[in-house]
Amino acid sequence: MVAFLIRRILFLVPVLLGGSAIVFTLIQLAPGDPIDVLLGVYSSPESRQALREAYGLNDPPYVQYFRWLGHILQGDWGISIQQRVPVLTLVMEKFWITLLLTGAAGSFAIIVGVGAGIVSAVKHNTWIDRVILVVSVFALSMPSYWLGLLFIFVFSVQLGWLPTGGIRSFIEPKSTLDVIEHMIMPGIVAGLTPAAIIARVARAAMLEVMRLDFLTALRAKGLSEGAVILRHALRNAMPSIVNMTGLQIGYLILGGALFVEIIFSWPGLGLEIYKSVVGRDMPMMLGLVLFSTFVFVILNLLVDICYRIMNPRIQSE
Amino acid sequence: MAAPSDIVSTSPGSTQGESNDPWRRLRVLKNHKSIVAGAIIVSLVVLAALLAPVLSPYDPIEGHPIDRLKGIGTPGYLLGADQQGRDMLSRLMWGARSSLAIAVVPLAVAGLIGLVLGSVAGYSGRIVETLIMRGMDIVFGLPPILLAIAVAATLGPGLVNLMISLTIVLIPPMTRVTYQVVVILKEQTFIEAARASGASSFQIIFNQILPNSVAPVIAYATSLAGAILVFGAGISFIGLGIQPPEADWGRMINDGRSMLDLKPHVSTLPGLAIFVLAAGFNFLGDGLRDLLDPRMRL
Amino acid sequence: MQPTDLLRVEGLKTYFFTRHGVAKAVDGVDLSLSEGEHLGLVGESGSGKSATALSIMGLVRDPPGRIVAGRIVFEGQDLLSLDAPAMRRLRGRRLSMIFQDPISHLDPIMKVGDWIAESLTLHKGMTRKSATAEASRLLKVLKVPSPDDVLDAYPFQLSGGMCQRVLIATAIATEPALIIADEATSALDVTVQASILRTLNELSENSGTAILFTTHNMRVVRKACSRVVVMYAGRVVENCETERLFCGPMHPYTVGLLNSVPSLERIGQPLVPMAGEPPLPTDDLPGCAFHARCPIRKPICEEQRPPLQEVHPGHWSACFFPEEANHGRDPSG
């Protein structure tokens with residue numbers, strides 16, 4: 001386990017270096033010359049050249065990359081052009097708000113997905129199984145931005161049950177219940193596709209386990225069907241389910257929630273990325289992508305560790 | 001997403017019973033309702049896209065201000081008109097073109113690149129394998145949706161740029177799936193036989209490995225097409241993809257967004273179109289995977 | 001059959017309803033077991049012996065399987081009339097089972113100590129701690145060296161023989177009246193096989209537990225069982241005491257089974273494998289199911305099904321010509 005951890009953490013280095021290099025390349029490729037921004041398009045060639053020299057823009061790309069990386073590592077992520085605030089501060093603040101939405105969506109996806117997957121596997125080849133499979137294909141095919149619009153139309157505009165968007169209302173800004181009310185629709189819409197994927201993985205993993213002989217031995221021990229399925233079969237299927245769930249939650253935090261945040265004006269990372277792209281706020285956008293890469297990589301590491309812990313057969317190899 | 005090992009067929013050639021009677025073959029499909037449903041949906045959309053210039057009643061871009069926001073079923077406008085008086089049916093038919101392009105072209109290009117990289121990595125092993133696969137791991141380690149958005153934002157809007165960014169994101173998973181298929185194929189006896197008969201690595205990759213890994217890779221790609229369509233249309237929906245006045249389903253949802261309560265058809269119809277086509281791809285992908293992996297058919 | 005039997009199976013029919021037709025895996029089986037008795041249920045794979053064992057345990061999966069007729073009386077109760085919770089309370093407590101491939105019959109990600117303890121907490125209401133202590137004691141009874149290390153291991157870390165001891169410990173933990181050993185030694189080395197059989201014999205002598213061995217291995221029968229029931233194609237073809245079976249088998253199928261097994265008494269004689277294959281379980285033959293492979297078949301065998309008859313006191317055979325069955329077999333064997 002220790003050797004695995006060391007190996008896995010060492011592998012973070014090339015991934016993060018590679019990831020940041022890609023982000024850096026994107027900065028270089030981004031349209032527009034930074035000198036234009038600083039001196040204006042009509043500045044003299046001499047002053048431009050002087051400034052290029054001063055900022056090190058004439059250095060070879062790899063020198064520029066490592067200099068940039070040095071700044072990043074020291075916590076200097078630049079200043080947002082639109083909001084005039086350090087990028088890192090803003091990113092951290094938005095991260096928690098997105099995490100809140102991801103928590104809601106993730107809980108919905110796990111409860112519905114794992115539940116549906118188990119029922120589908122236990123009722124394998126019956127009409128219940130087929131209905132769950134077809135519904136999961138529909139959920140998989142649902143554009144979240146469109147479903148979000150329909151939800152707002154039905155539940156906010158027509159029925160007036162839930163707020164149309166934002167994270168809190170102006171009337172009772174402090175109440176927890178108020179925030180929860182704001183979380184319901186975006187949580188369900190963002191969680192629907194992950195729920196479908198988790199359901200399919202859970203079903204396949206459960207079917208795989210339920211073919212195994214030890215379930216007969218458990219029944220022979222006098223365990224109830226519920227205990228056989230939930231205490232033993234599910235635990236054996238868990239590594240694959242956790243693996244896929246972790247991946248899905250990673251996609252959710254880092255992108256999947258983007259459309260939902262835009263539709264429901266949820267002030268998280270996704271909405272921030274959207275605003276920075278539309279406003280051509282490159283430092284902000286690249287900061288967000290870089291930060292997301294860190295989170296994604298660390299999340300993948302956590303999932304791998306969980307997978308090992310839950311799977312004694314790999315652990316001891 | 002299916003584990004790639006699920007979709008590997010370990011025998012060369014067709015996985016179904018070898019029969020030359022086409023009707024027998026069609027009857028086999030009775031057990032694969034999912035393929036049939038998916039194929040029907042996808043071919044209808046393809047047909048609509050191909051025949052758009054012939055069949056669509058109006059020009060998709062030119063509006064008739066007098067017919068603004070006509071409802072569904074108005075004479076002359078089967079599916080109504082949008083806020084510029086453009087016929088919805090015509091725009092949906094023309095929009096099918098960019099939607100199909102978004103779903104299919106990046107997968108096809110990334111699939112080809114992935115096939116080559118994956119077979120080379122899987123067959124050659126050693127340093128080449130390490131270089132290619134670790135490199136893919138690094139790109140795979142980035143959150144794919146953000147990567148696509150960042151690339152799209154850097155390149156600027158437009159159909160071609162959108163397809164480029166989707167292709168970049170799809171190369172690592174397509175390479176990985178080919179690699180896993182090839183690693184299994186490599187151990188099969190018919191590859192041994194080819195090697196024993198003196199074929200070179202190059203010949204084996206192109207004559208044995210590639211043809212036999214194409215089917216599972218296509219099945220995997222099909223299962224991704226729905227998600228790519230939904231995501232690509234979403235990029236256009238938020239304004240980073242295809243630009244107006246081109247007819248595009250994602251863009252059209254956004255156009256009708258502000259009057260969802262008054263004229264719901266403008267936003268709802270293109271959304272429904274995305275949903276149905278994505279479901280078609282997903283059914284087709286599921287069905288193909290079942291066909292190639294008898295274990296899951298049960 | 002006496003009313004004091006521990007287990008009495010009467011006219012049991014267990015059918016599997018598959019796409020290819022109805023497979024009559026068990027088609028009218030009668031057998032009985034008294035307290036402490038060791039009964040062997042013998043037959044090739046597919047003869048219905050495992051389906052019989054699962055039927056007794058109430059573990060036939062529905063669908064596709066179903067018990068369509070018969071009675072299974074255990075300790076005076078008809079098991080088939082019990083509801084699911086009552087049957088569950090019996091399973092693993094009065095009625096235990098051990099299996100052919102012990103490693104695959106243990107939860108792969110559960111420590112074997114927890115596996116044994118699970119039965120004790122379930123049926124005896126023990127706390128986890130005392131259940132673990134009891135599990136350790138049980139392994140000691142089974143002569144497992146350093147039982148506490150074993151309890152802390154996962155199944156994949158143990159040998160097949162050790163896993164079988166774990167399953168036996170689980171089976172005896174609740175002092176059951178009957179243990180069903182379904183091919184319990186078939187997947188093990190011959191030496192381990194012998195030691196497992198010895199262990200089971202000792203346990204049974206000490207506690208008076210009856211054991212139903214299902215096996216295809218005649219040596220196991222000879223070593224462990226006092227009485228034998230031979231099954232073929234879902235039916236009982238012969239039923240007698242073990243010694244009688246080895247001296248004077250009265251069904252050609254039994255003779256075939258005995259001839260295909262190497263034995264010290266028959267050194268120098270060729271092993272005779274049985275010709276042909278058993279009929280498909282979905283076939284519905286009017287006559288004797290064995291007639292196609294039978295060396296002494298006569299026209300009647302194809303037309304009529306021979307009933308199970310008591311040829312000698314305590315010796316039953318389902319052959320029209322029981323006295324001719326033993327031709328071609330060395331009587332010394």
# chains A, B, ... in the order shown; residues from 1 in each chain; ligands from 1

call {"tool": "residues_around", "arguments": {"residues": "Ala247 (chain B)", "least_positions_apart": "6", "cutoff": "9 Å", "atoms": "only C-alpha atoms", "output": "PDB file with C-alpha atoms, in the first residue's frame"}}
result
ATOM      1  CA  PRO B  60     -33.110  28.229 -42.742  1.00  0.00           C
ATOM      2  CA  ILE B  61     -31.474  31.637 -42.379  1.00  0.00           C
ATOM      3  CA  SER B  90     -36.408  23.989 -41.966  1.00  0.00           C
ATOM      4  CA  ARG B  91     -34.023  25.127 -39.252  1.00  0.00           C
ATOM      5  CA  LEU B  92     -34.287  21.783 -37.460  1.00  0.00           C
ATOM      6  CA  MET B  93     -33.510  19.916 -40.686  1.00  0.00           C
ATOM      7  CA  TRP B  94     -30.516  22.091 -41.498  1.00  0.00           C
ATOM      8  CA  GLY B  95     -29.440  21.987 -37.853  1.00  0.00           C
ATOM      9  CA  ALA B  96     -29.277  18.203 -38.070  1.00  0.00           C
ATOM     10  CA  ARG B  97     -26.231  18.664 -40.283  1.00  0.00           C
ATOM     11  CA  SER B  98     -24.090  20.461 -37.722  1.00  0.00           C
TER      12      SER B  98
END

call {"tool": "interface_residues", "arguments": {"of": "chain B", "to": "chain A", "cutoff": "8 Å", "atoms": "only C-alpha atoms", "output": "compact mmCIF listing (two decimals) with C-alpha atoms, in the first residue's frame"}}
result
# COMPACT_ATOMS: atom_id res chain seq x y z
CA MET B 1 -18.85 4.17 -20.52
CA ASP B 137 -2.62 9.49 -19.14
CA ILE B 138 -1.44 13.06 -18.74
CA VAL B 139 -4.03 14.43 -21.17
CA GLY B 141 -5.74 13.50 -16.27
CA LEU B 142 -7.18 16.85 -17.31
CA PRO B 143 -10.90 17.40 -16.83
CA PRO B 144 -12.13 16.74 -20.41
CA ILE B 145 -15.05 19.15 -20.48
CA LEU B 146 -12.95 22.06 -19.27
CA LEU B 147 -10.17 21.18 -21.66
CA ALA B 150 -10.55 26.07 -22.93
CA VAL B 151 -9.43 24.91 -26.38
CA ALA B 153 -12.28 29.51 -26.20
CA THR B 154 -8.64 29.80 -27.32
CA LEU B 155 -9.36 28.89 -30.93
CA GLY B 226 -24.66 10.74 -27.66
CA ALA B 227 -22.63 12.39 -24.92
CA VAL B 230 -25.16 16.77 -25.99
CA PHE B 231 -21.91 18.41 -24.93
CA GLY B 234 -24.17 22.74 -25.17
CA ILE B 238 -23.56 28.94 -24.34
CA ILE B 253 -32.46 26.47 -27.60
CA ARG B 257 -34.82 30.77 -24.00
CA LEU B 260 -40.02 29.91 -22.97
CA ASP B 261 -43.18 30.88 -21.08
CA THR B 268 -38.37 22.99 -26.73
CA GLY B 271 -33.90 20.42 -27.24
CA ILE B 274 -30.89 16.77 -29.38
CA PHE B 275 -32.43 14.43 -26.83
CA VAL B 276 -33.89 12.09 -29.45
CA ALA B 278 -28.59 11.36 -28.46
CA ALA B 279 -30.94 8.58 -27.34
CA ASN B 282 -26.97 5.61 -27.03
CA PHE B 283 -29.36 2.80 -27.99

call {"tool": "interface_residues", "arguments": {"of": "chain A", "to": "chain C", "cutoff": "9 Å", "atoms": "only C-alpha atoms", "output": "number ranges by chain"}}
result
A: 212-224, 232-233, 235-236, 310-313

call {"tool": "write_last_selection", "arguments": {"atoms": "C-alpha atoms", "output": "short mmCIF file (atom, residue, chain, number, x, y, z; two decimals), in the first residue's frame"}}
result
data_model
loop_
_atom_site.label_atom_id
_atom_site.label_comp_id
_atom_site.auth_asym_id
_atom_site.auth_seq_id
_atom_site.Cartn_x
_atom_site.Cartn_y
_atom_site.Cartn_z
CA LEU A 212 -20.66 -15.97 -7.95
CA ASP A 213 -21.01 -19.13 -5.88
CA PHE A 214 -20.55 -17.58 -2.47
CA LEU A 215 -24.04 -16.11 -2.57
CA THR A 216 -25.42 -19.66 -2.45
CA ALA A 217 -23.21 -20.32 0.58
CA LEU A 218 -24.58 -17.18 2.23
CA ARG A 219 -28.14 -18.28 1.62
CA ALA A 220 -27.21 -21.71 2.98
CA LYS A 221 -26.04 -19.95 6.13
CA GLY A 222 -29.59 -18.69 6.58
CA LEU A 223 -29.01 -15.03 5.67
CA SER A 224 -32.01 -13.16 4.38
CA HIS A 232 -22.28 -9.00 0.70
CA ALA A 233 -23.06 -8.60 -3.01
CA ARG A 235 -19.87 -4.69 -0.88
CA ASN A 236 -18.20 -6.81 -3.54
CA MET A 310 -12.04 -1.76 -0.59
CA ASN A 311 -10.35 -4.49 -2.57
CA PRO A 312 -8.15 -6.62 -0.30
CA ARG A 313 -7.03 -8.77 -3.23
#

call {"tool": "select_by_dssp", "arguments": {"residues": "region 22-177 of chain C", "states": "strand (DSSP E or B)", "output": "ChimeraX atom specification"}}
result
/C:22-33,38-42,65-74,77-78,91,95-98

call {"tool": "write_last_selection", "arguments": {"atoms": "C-alpha atoms", "output": "tab-separated table (two decimals), in the first residue's frame"}}
result
chain	number	residue	atom	x	y	z
C	22	VAL	CA	-38.30	-28.24	-19.19
C	23	ALA	CA	-35.26	-29.89	-17.63
C	24	LYS	CA	-36.39	-32.50	-15.16
C	25	ALA	CA	-33.27	-32.33	-13.01
C	26	VAL	CA	-34.92	-34.26	-10.18
C	27	ASP	CA	-37.77	-36.48	-11.28
C	28	GLY	CA	-39.33	-38.39	-8.43
C	29	VAL	CA	-36.59	-39.00	-5.89
C	30	ASP	CA	-37.17	-40.83	-2.59
C	31	LEU	CA	-34.56	-41.08	0.09
C	32	SER	CA	-34.30	-41.04	3.85
C	33	LEU	CA	-31.66	-40.42	6.46
C	38	HIS	CA	-23.92	-40.96	6.56
C	39	LEU	CA	-25.68	-41.27	3.24
C	40	GLY	CA	-23.96	-41.10	-0.14
C	41	LEU	CA	-25.85	-39.67	-3.08
C	42	VAL	CA	-23.90	-40.80	-6.13
C	65	GLY	CA	-36.00	-23.82	-11.11
C	66	ARG	CA	-39.05	-24.94	-9.16
C	67	ILE	CA	-39.96	-27.87	-6.93
C	68	VAL	CA	-43.12	-29.08	-8.63
C	69	ALA	CA	-43.99	-32.10	-6.50
C	70	GLY	CA	-42.99	-34.13	-3.47
C	71	ARG	CA	-42.39	-33.76	0.24
C	72	ILE	CA	-39.22	-33.03	2.18
C	73	VAL	CA	-39.77	-33.86	5.84
C	74	PHE	CA	-36.99	-32.75	8.18
C	77	GLN	CA	-41.68	-30.61	9.51
C	78	ASP	CA	-42.52	-30.49	5.83
C	91	ARG	CA	-30.95	-23.07	7.15
C	95	LEU	CA	-29.42	-27.77	8.24
C	96	SER	CA	-25.94	-26.81	7.01
C	97	MET	CA	-24.16	-27.17	3.72
C	98	ILE	CA	-20.58	-27.33	2.48

call {"tool": "closest_residue", "arguments": {"among": "B:Leu291, B:Gly232, B:Leu284, B:Leu162", "to": "Ile40 (chain B)", "atoms": "only C-alpha atoms"}}
result
B:Leu284

call {"tool": "residues_around", "arguments": {"residues": "Met185 (chain A)", "least_positions_apart": "3", "cutoff": "8 Å", "atoms": "only C-alpha atoms", "output": "MDAnalysis selection string"}}
result
chainID A and resid 148 151 162 182 188:189

call {"tool": "select_by_dssp", "arguments": {"residues": "region 251-280 of chain B", "states": "helix (DSSP H, G or I)", "output": "PDB file with N, CA and C atoms, in the first residue's frame"}}
result
ATOM      1  N   ARG B 251     -27.751  26.239 -30.344  1.00  0.00           N
ATOM      2  CA  ARG B 251     -27.933  27.670 -30.489  1.00  0.00           C
ATOM      3  C   ARG B 251     -29.424  28.026 -30.449  1.00  0.00           C
ATOM      4  N   MET B 252     -30.242  27.177 -31.101  1.00  0.00           N
ATOM      5  CA  MET B 252     -31.683  27.464 -31.199  1.00  0.00           C
ATOM      6  C   MET B 252     -32.354  27.419 -29.827  1.00  0.00           C
ATOM      7  N   ILE B 253     -31.882  26.496 -28.945  1.00  0.00           N
ATOM      8  CA  ILE B 253     -32.459  26.465 -27.600  1.00  0.00           C
ATOM      9  C   ILE B 253     -32.244  27.815 -26.934  1.00  0.00           C
ATOM     10  N   ASN B 254     -31.021  28.348 -27.089  1.00  0.00           N
ATOM     11  CA  ASN B 254     -30.703  29.610 -26.453  1.00  0.00           C
ATOM     12  C   ASN B 254     -31.539  30.748 -27.048  1.00  0.00           C
ATOM     13  N   ASP B 255     -31.769  30.693 -28.392  1.00  0.00           N
ATOM     14  CA  ASP B 255     -32.560  31.734 -29.027  1.00  0.00           C
ATOM     15  C   ASP B 255     -33.957  31.832 -28.424  1.00  0.00           C
ATOM     16  N   ARG B 257     -34.851  30.858 -25.450  1.00  0.00           N
ATOM     17  CA  ARG B 257     -34.818  30.770 -24.000  1.00  0.00           C
ATOM     18  C   ARG B 257     -35.653  31.860 -23.328  1.00  0.00           C
ATOM     19  N   SER B 258     -35.568  33.085 -23.872  1.00  0.00           N
ATOM     20  CA  SER B 258     -36.190  34.208 -23.181  1.00  0.00           C
ATOM     21  C   SER B 258     -37.710  34.180 -23.283  1.00  0.00           C
ATOM     22  N   MET B 259     -38.238  33.402 -24.239  1.00  0.00           N
ATOM     23  CA  MET B 259     -39.709  33.400 -24.349  1.00  0.00           C
ATOM     24  C   MET B 259     -40.279  32.009 -24.140  1.00  0.00           C
ATOM     25  N   HIS B 265     -42.357  26.476 -27.961  1.00  0.00           N
ATOM     26  CA  HIS B 265     -41.887  25.583 -29.022  1.00  0.00           C
ATOM     27  C   HIS B 265     -40.512  25.985 -29.553  1.00  0.00           C
ATOM     28  N   VAL B 266     -40.171  27.272 -29.495  1.00  0.00           N
ATOM     29  CA  VAL B 266     -38.913  27.726 -30.097  1.00  0.00           C
ATOM     30  C   VAL B 266     -37.719  27.070 -29.395  1.00  0.00           C
ATOM     31  N   SER B 267     -37.812  26.922 -28.080  1.00  0.00           N
ATOM     32  CA  SER B 267     -36.712  26.338 -27.323  1.00  0.00           C
ATOM     33  C   SER B 267     -36.877  24.828 -27.147  1.00  0.00           C
ATOM     34  N   THR B 268     -38.118  24.388 -27.076  1.00  0.00           N
ATOM     35  CA  THR B 268     -38.371  22.987 -26.734  1.00  0.00           C
ATOM     36  C   THR B 268     -38.059  22.047 -27.892  1.00  0.00           C
ATOM     37  N   LEU B 269     -38.419  22.447 -29.105  1.00  0.00           N
ATOM     38  CA  LEU B 269     -38.230  21.541 -30.244  1.00  0.00           C
ATOM     39  C   LEU B 269     -36.766  21.186 -30.493  1.00  0.00           C
ATOM     40  N   PRO B 270     -35.861  22.188 -30.552  1.00  0.00           N
ATOM     41  CA  PRO B 270     -34.459  21.797 -30.765  1.00  0.00           C
ATOM     42  C   PRO B 270     -33.909  20.948 -29.618  1.00  0.00           C
ATOM     43  N   GLY B 271     -34.343  21.235 -28.386  1.00  0.00           N
ATOM     44  CA  GLY B 271     -33.897  20.422 -27.245  1.00  0.00           C
ATOM     45  C   GLY B 271     -34.347  18.988 -27.403  1.00  0.00           C
ATOM     46  N   LEU B 272     -35.616  18.827 -27.821  1.00  0.00           N
ATOM     47  CA  LEU B 272     -36.158  17.491 -28.056  1.00  0.00           C
ATOM     48  C   LEU B 272     -35.351  16.787 -29.149  1.00  0.00           C
ATOM     49  N   ALA B 273     -34.971  17.553 -30.181  1.00  0.00           N
ATOM     50  CA  ALA B 273     -34.199  16.956 -31.278  1.00  0.00           C
ATOM     51  C   ALA B 273     -32.862  16.428 -30.771  1.00  0.00           C
ATOM     52  N   ILE B 274     -32.168  17.224 -29.939  1.00  0.00           N
ATOM     53  CA  ILE B 274     -30.889  16.772 -29.377  1.00  0.00           C
ATOM     54  C   ILE B 274     -31.113  15.501 -28.562  1.00  0.00           C
ATOM     55  N   PHE B 275     -32.136  15.558 -27.711  1.00  0.00           N
ATOM     56  CA  PHE B 275     -32.434  14.434 -26.828  1.00  0.00           C
ATOM     57  C   PHE B 275     -32.693  13.155 -27.631  1.00  0.00           C
ATOM     58  N   VAL B 276     -33.529  13.278 -28.675  1.00  0.00           N
ATOM     59  CA  VAL B 276     -33.890  12.085 -29.446  1.00  0.00           C
ATOM     60  C   VAL B 276     -32.686  11.520 -30.195  1.00  0.00           C
ATOM     61  N   LEU B 277     -31.907  12.396 -30.823  1.00  0.00           N
ATOM     62  CA  LEU B 277     -30.740  11.900 -31.559  1.00  0.00           C
ATOM     63  C   LEU B 277     -29.716  11.281 -30.600  1.00  0.00           C
ATOM     64  N   ALA B 278     -29.526  11.919 -29.443  1.00  0.00           N
ATOM     65  CA  ALA B 278     -28.586  11.365 -28.456  1.00  0.00           C
ATOM     66  C   ALA B 278     -29.072   9.994 -27.986  1.00  0.00           C
ATOM     67  N   ALA B 279     -30.390   9.879 -27.755  1.00  0.00           N
ATOM     68  CA  ALA B 279     -30.940   8.580 -27.342  1.00  0.00           C
ATOM     69  C   ALA B 279     -30.710   7.557 -28.444  1.00  0.00           C
ATOM     70  N   GLY B 280     -30.866   7.977 -29.704  1.00  0.00           N
ATOM     71  CA  GLY B 280     -30.613   7.073 -30.825  1.00  0.00           C
ATOM     72  C   GLY B 280     -29.193   6.535 -30.797  1.00  0.00           C
TER      73      GLY B 280
END

call {"tool": "residues_around", "arguments": {"residues": "Pro173 (chain B)", "least_positions_apart": "2", "cutoff": "10 Å", "atoms": "only C-alpha atoms", "output": "PyMOL selection string"}}
result
chain B and resi 4+110-111+114+118+136-137+139-140+169-171+175-179+220-221

call {"tool": "atom_distance", "arguments": {"atom1": "CA of Ala202 (chain A)", "atom2": "CA of Pro172 (chain B)"}}
result
24.8 Å

call {"tool": "residues_around", "arguments": {"residues": "Ile205 (chain B)", "least_positions_apart": "5", "cutoff": "9 Å", "atoms": "only C-alpha atoms", "output": "PyMOL selection string"}}
result
chain B and resi 119-120+123+200+210-211

call {"tool": "atom_distance", "arguments": {"atom1": "CA of Leu6 (chain C)", "atom2": "CA of Gly76 (chain C)"}}
result
7.6 Å

call {"tool": "residues_around", "arguments": {"residues": "Leu203 (chain C)", "least_positions_apart": "5", "cutoff": "10 Å", "atoms": "only C-alpha atoms", "output": "VMD selection string"}}
result
chain C and resid 141 to 142 168 172 197 to 198 208 to 210
